[in-house]
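See below for the structure under consideration.
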Amino acid sequence: MPDLFDIDETARISELATLIKKYQDSYYNGEGEISDAEFDKLWDQLKSLDPLNPVLQRVGADSGNFAKIRHIMPMGSQEKAANPEQFLAWTKNHAYDEYLVEYKLDGASLELQYTNGELVRAVTRGDGTIGDDITANARKMQGVQAALFDREGKKINFTGAVRGEVIMTHTVHESLYKDKANCRNAANGLMKRKDGEGSENLCLMTYDALALEGESPFKDEEGKINWLKSCGFKTSPLKICKSPDEVIEYRDEVMEIRKSLDYDIDGLVIKERRIDLEDASRARPDRQIAFKFSLEEAVSVLREVEWSESGATYTPVAIFDEVQLNGTTVQRASLANPDTMRTLGVKIGSRVVVVKRGEIIPKIERVLAEEEGQKTSEVIFPHTCSTCGSELIDEGSRLYCPNKNCSKRVLHQLLKWIKVIDIRDLGETLITSLFKDGRVKSISDIYALSEEALVPYFLNEESRQKEKQSLGAKKVFDSIQVHKKMSLASFLAGFDIEDMGETQIQKIIDAGFNTVEKILAASREHFENVYGFAEISARAFCDGLEENKEEILYLYKNVLEVEEGNAVGVLAGKSFCFTGELHTMKRADAENLVKKAGGSCKSSVTKDLSYLVTNDVSSGSSKNLKAAKLGIPVINEEQFLEMLA
């Protein structure tokens, strides 16, 4: 099986390399097929699987329609950070007194070559060393200086290169080129037209320069930008930050305002103040980084907090102005618990950063500093249970109803039990009706149900008087009897203890607490020492055990057959996450096979996951990408079934 994983990984690396080369070439020839964000996902996945792959050092190549010219300045690719965590990791090895931050323009790179202040050539990026000569087209572009003069009109004797980005504004795109997918694609196509038509609708914004002769007209990166401005070139704003955290704050601000800009940007470029020519000459400079924006995060305004009630727990959910995340419209995000809200400092009216990095449910990552005149108000917490009226307990990590007999809590536990034990025929509708009628008030009552007691829920009064048999009632009764045997992890997970699913409980069992007696006799300190547990989770588990102790012992001793001891079977000690459609069975059936074979199931990809199972192993889905990043094997359904065999 490991050999099979190696084959799959090798095939995926080859596929990624082929796709990246294809999309690079189409991009540099003005026919970009996918968005930058989609391209970055492919790039990052290849980098995680094969960091030294030659494709990662490659820049795309232009077409053969123009004369080829060598660059004065190398035009390589930059290192990228997709989120604050990656950026902070980069800054650990790049601690600067100041971080000079510019917009990362989303257009097509162009080098202007000057001799004695006169434009002689305009060269596209090409392969990073040689590009296409599009001088005739460039002379028509806004922002391109045919000759260099200072603010007093005096000729500047400059021999060297100026680098910038050719862009199309949203205004021009909307009025003249709506048939093009986006501004970047339209700009790429126009700048390389043989007849030069439409080049006058493009604009060059500059950010770099290099003098070949004489003394450089600037001493550092800030001076370079000021010099470009003095020559009449267009530049984007320059922000000087004193710390990495200040860079992140500035990125948040720019994320918020970029929709109001008349040109596209897809991130920030961060440099040090000094000019490092040696680093700039590399194919991939190390001393600067592109801090990208992501389709997985956005800035919005918090308008309301709703409190989702699930069993005993009240969970805060943020309602904010609609934003686009990963191609979907999002207006709600989890705030986790009261402590998270307090740590974030969220208020109604706060500007918040919303993220969805591979998660099913978006979350609020941080709150931006309040601006002058911004109106905010405190979030109102519920104080009493909406069902039983008991005063809620705010433990910080959890806001909950303490009343064990609260009808909402009891029903939630019953529903959790039939789901974990997988008594499918005893569905949600039936168990809810039995609960409302007072026939089932506890888990034990489920196993006390007779076939006769179930008949009224399948046959009306007239049918019962005619002594008709209820196949439905018999089916449910038989299903309950069949599900009297279960694993220790399933047994305890069914009691709906806060955040205690089968995977978590299995960790306790694997740590040596492998019988009901051992678990009930253990202290909170014992559980704190189990991998994956901490003080809060250990306390919640102990409290849940104590609250349900009487029924746990009754069912264990008198009703059910609980399989104790460490997990046994061909999948013992292994965990699985299923994603996508399976061909031969339902996902619930596959999960049951895992459990019966001694394994455990997870709903998401985490670092301790053993396998991700999907029939689309080459998919660029968030789960596949996360598995690749964490080095978790991705297998298909056939391979999964082979493991069971």
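In the structure tokens, the first chain shown is A, the next is B, and so on; residue numbers restart at 1 for each chain, and ligands run from 1 in the order shown.
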
Q: For Ser442 (chain A), list every protein, DNA or RNA residue within 12 Å, evaluated using only C-alpha atoms, and leave out those in the same chain fewer than 5 positions away; present the list as a PyMOL selection string.
A: chain A and resi 404-407+409-418+431-432+434-435+447-449+494-495+548+550-552+554-555

Could the residues in this selection be written to a file with N, CA, C and O atoms, as an mmCIF file, in the first residue's frame?
data_model
loop_
_atom_site.group_PDB
_atom_site.id
_atom_site.type_symbol
_atom_site.label_atom_id
_atom_site.label_comp_id
_atom_site.auth_asym_id
_atom_site.auth_seq_id
_atom_site.Cartn_x
_atom_site.Cartn_y
_atom_site.Cartn_z
ATOM 1 N N LYS A 404 -30.158 19.570 33.880
ATOM 2 C CA LYS A 404 -30.072 18.262 33.221
ATOM 3 C C LYS A 404 -31.420 17.816 32.670
ATOM 4 O O LYS A 404 -31.492 17.085 31.677
ATOM 5 N N ASN A 405 -32.505 18.249 33.300
ATOM 6 C CA ASN A 405 -33.844 17.828 32.892
ATOM 7 C C ASN A 405 -34.504 18.787 31.905
ATOM 8 O O ASN A 405 -35.684 18.621 31.584
ATOM 9 N N CYS A 406 -33.763 19.775 31.432
ATOM 10 C CA CYS A 406 -34.294 20.701 30.422
ATOM 11 C C CYS A 406 -34.710 19.878 29.206
ATOM 12 O O CYS A 406 -33.922 19.079 28.687
ATOM 13 N N SER A 407 -35.948 20.038 28.760
ATOM 14 C CA SER A 407 -36.474 19.196 27.688
ATOM 15 C C SER A 407 -35.642 19.310 26.409
ATOM 16 O O SER A 407 -35.480 18.328 25.674
ATOM 17 N N ARG A 409 -32.415 19.786 26.220
ATOM 18 C CA ARG A 409 -31.194 19.009 26.427
ATOM 19 C C ARG A 409 -31.466 17.513 26.301
ATOM 20 O O ARG A 409 -30.698 16.781 25.684
ATOM 21 N N VAL A 410 -32.568 17.072 26.884
ATOM 22 C CA VAL A 410 -32.888 15.636 26.868
ATOM 23 C C VAL A 410 -33.132 15.165 25.436
ATOM 24 O O VAL A 410 -32.611 14.130 25.005
ATOM 25 N N LEU A 411 -33.920 15.944 24.672
ATOM 26 C CA LEU A 411 -34.211 15.564 23.295
ATOM 27 C C LEU A 411 -32.928 15.549 22.456
ATOM 28 O O LEU A 411 -32.721 14.649 21.635
ATOM 29 N N HIS A 412 -32.068 16.507 22.675
ATOM 30 C CA HIS A 412 -30.811 16.564 21.931
ATOM 31 C C HIS A 412 -29.959 15.322 22.210
ATOM 32 O O HIS A 412 -29.334 14.755 21.302
ATOM 33 N N GLN A 413 -29.967 14.878 23.483
ATOM 34 C CA GLN A 413 -29.213 13.680 23.831
ATOM 35 C C GLN A 413 -29.797 12.444 23.154
ATOM 36 O O GLN A 413 -29.057 11.577 22.661
ATOM 37 N N LEU A 414 -31.110 12.353 23.109
ATOM 38 C CA LEU A 414 -31.757 11.214 22.458
ATOM 39 C C LEU A 414 -31.410 11.169 20.967
ATOM 40 O O LEU A 414 -31.122 10.101 20.413
ATOM 41 N N LEU A 415 -31.438 12.335 20.327
ATOM 42 C CA LEU A 415 -31.110 12.393 18.904
ATOM 43 C C LEU A 415 -29.645 12.042 18.669
ATOM 44 O O LEU A 415 -29.304 11.379 17.682
ATOM 45 N N LYS A 416 -28.779 12.480 19.567
ATOM 46 C CA LYS A 416 -27.358 12.154 19.442
ATOM 47 C C LYS A 416 -27.153 10.644 19.594
ATOM 48 O O LYS A 416 -26.359 10.038 18.869
ATOM 49 N N TRP A 417 -27.875 10.036 20.516
ATOM 50 C CA TRP A 417 -27.730 8.600 20.753
ATOM 51 C C TRP A 417 -28.076 7.783 19.505
ATOM 52 O O TRP A 417 -27.302 6.933 19.075
ATOM 53 N N ILE A 418 -29.243 8.043 18.913
ATOM 54 C CA ILE A 418 -29.653 7.231 17.764
ATOM 55 C C ILE A 418 -28.749 7.481 16.560
ATOM 56 O O ILE A 418 -28.594 6.606 15.700
ATOM 57 N N ILE A 431 -38.504 9.711 17.140
ATOM 58 C CA ILE A 431 -38.002 9.881 18.506
ATOM 59 C C ILE A 431 -38.522 11.184 19.112
ATOM 60 O O ILE A 431 -38.816 11.259 20.308
ATOM 61 N N THR A 432 -38.709 12.212 18.264
ATOM 62 C CA THR A 432 -39.253 13.484 18.760
ATOM 63 C C THR A 432 -40.697 13.307 19.200
ATOM 64 O O THR A 432 -41.122 13.825 20.240
ATOM 65 N N LEU A 434 -42.112 10.455 20.198
ATOM 66 C CA LEU A 434 -42.094 9.634 21.411
ATOM 67 C C LEU A 434 -41.716 10.475 22.636
ATOM 68 O O LEU A 434 -42.275 10.291 23.730
ATOM 69 N N PHE A 435 -40.803 11.407 22.443
ATOM 70 C CA PHE A 435 -40.378 12.269 23.548
ATOM 71 C C PHE A 435 -41.509 13.214 23.954
ATOM 72 O O PHE A 435 -41.807 13.367 25.151
ATOM 73 N N TYR A 447 -34.798 1.449 25.008
ATOM 74 C CA TYR A 447 -34.668 -0.011 25.047
ATOM 75 C C TYR A 447 -35.810 -0.673 25.810
ATOM 76 O O TYR A 447 -35.922 -1.907 25.814
ATOM 77 N N ALA A 448 -36.660 0.139 26.451
ATOM 78 C CA ALA A 448 -37.833 -0.400 27.138
ATOM 79 C C ALA A 448 -39.068 -0.396 26.238
ATOM 80 O O ALA A 448 -40.129 -0.904 26.617
ATOM 81 N N LEU A 449 -38.951 0.196 25.054
ATOM 82 C CA LEU A 449 -40.094 0.260 24.133
ATOM 83 C C LEU A 449 -40.481 -1.137 23.654
ATOM 84 O O LEU A 449 -39.628 -1.948 23.290
ATOM 85 N N GLY A 494 -22.426 8.560 22.716
ATOM 86 C CA GLY A 494 -23.865 8.711 22.574
ATOM 87 C C GLY A 494 -24.525 9.529 23.663
ATOM 88 O O GLY A 494 -25.675 9.960 23.508
ATOM 89 N N PHE A 495 -23.815 9.768 24.767
ATOM 90 C CA PHE A 495 -24.422 10.532 25.867
ATOM 91 C C PHE A 495 -24.350 12.044 25.657
ATOM 92 O O PHE A 495 -24.745 12.812 26.530
ATOM 93 N N ASN A 548 -24.216 11.956 33.893
ATOM 94 C CA ASN A 548 -24.886 10.799 33.282
ATOM 95 C C ASN A 548 -24.504 9.477 33.937
ATOM 96 O O ASN A 548 -24.862 8.413 33.428
ATOM 97 N N GLU A 550 -25.384 7.661 36.535
ATOM 98 C CA GLU A 550 -26.419 6.696 36.923
ATOM 99 C C GLU A 550 -26.928 5.916 35.711
ATOM 100 O O GLU A 550 -27.029 4.683 35.742
ATOM 101 N N GLU A 551 -27.204 6.620 34.612
ATOM 102 C CA GLU A 551 -27.729 5.930 33.435
ATOM 103 C C GLU A 551 -26.630 5.150 32.712
ATOM 104 O O GLU A 551 -26.891 4.073 32.157
ATOM 105 N N ILE A 552 -25.415 5.665 32.734
ATOM 106 C CA ILE A 552 -24.294 4.938 32.137
ATOM 107 C C ILE A 552 -24.166 3.556 32.780
ATOM 108 O O ILE A 552 -24.075 2.537 32.091
ATOM 109 N N TYR A 554 -26.435 1.916 34.583
ATOM 110 C CA TYR A 554 -27.629 1.095 34.396
ATOM 111 C C TYR A 554 -27.596 0.394 33.032
ATOM 112 O O TYR A 554 -27.798 -0.825 32.924
ATOM 113 N N LEU A 555 -27.335 1.164 31.977
ATOM 114 C CA LEU A 555 -27.296 0.589 30.635
ATOM 115 C C LEU A 555 -26.154 -0.412 30.500
ATOM 116 O O LEU A 555 -26.298 -1.473 29.890
#

Q.
From the options A:Lys194, A:Lys629, A:Arg366, A:Arg464, which residue's atoms come nearest to Ala136 (chain A), counting only C-alpha atoms?
A. A:Lys194

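Non-sequential neighbours of Gly580 (chain A) (distance at most 8 Å, separation of 4 or more positions within a chain, only C-alpha atoms) are Thr614, Asn615 and Asp616 of chain A.
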
For the residues selected in the previous step, produce a file with C-alpha atoms as a short mmCIF file (atom, residue, chain, number, x, y, z; two decimals), in the first residue's frame.
data_model
loop_
_atom_site.label_atom_id
_atom_site.label_comp_id
_atom_site.auth_asym_id
_atom_site.auth_seq_id
_atom_site.Cartn_x
_atom_site.Cartn_y
_atom_site.Cartn_z
CA THR A 614 -12.06 10.29 -1.99
CA ASN A 615 -12.75 9.02 -5.50
CA ASP A 616 -11.28 12.26 -6.90
#

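Close contacts of region 147-161 of chain A, defined as residues with an atom at most 8 Å away when counting only C-alpha atoms, with chain neighbours fewer than 6 positions off set aside, comprise Ile72, Met73, Glu111, Leu112, Gln113, Tyr114, Thr115, Asn116, Gly117, Glu118, Leu119, Ala209, Leu210, Ala211, Leu212, Glu213, Ser230, Cys231 and Gly232 of chain A.
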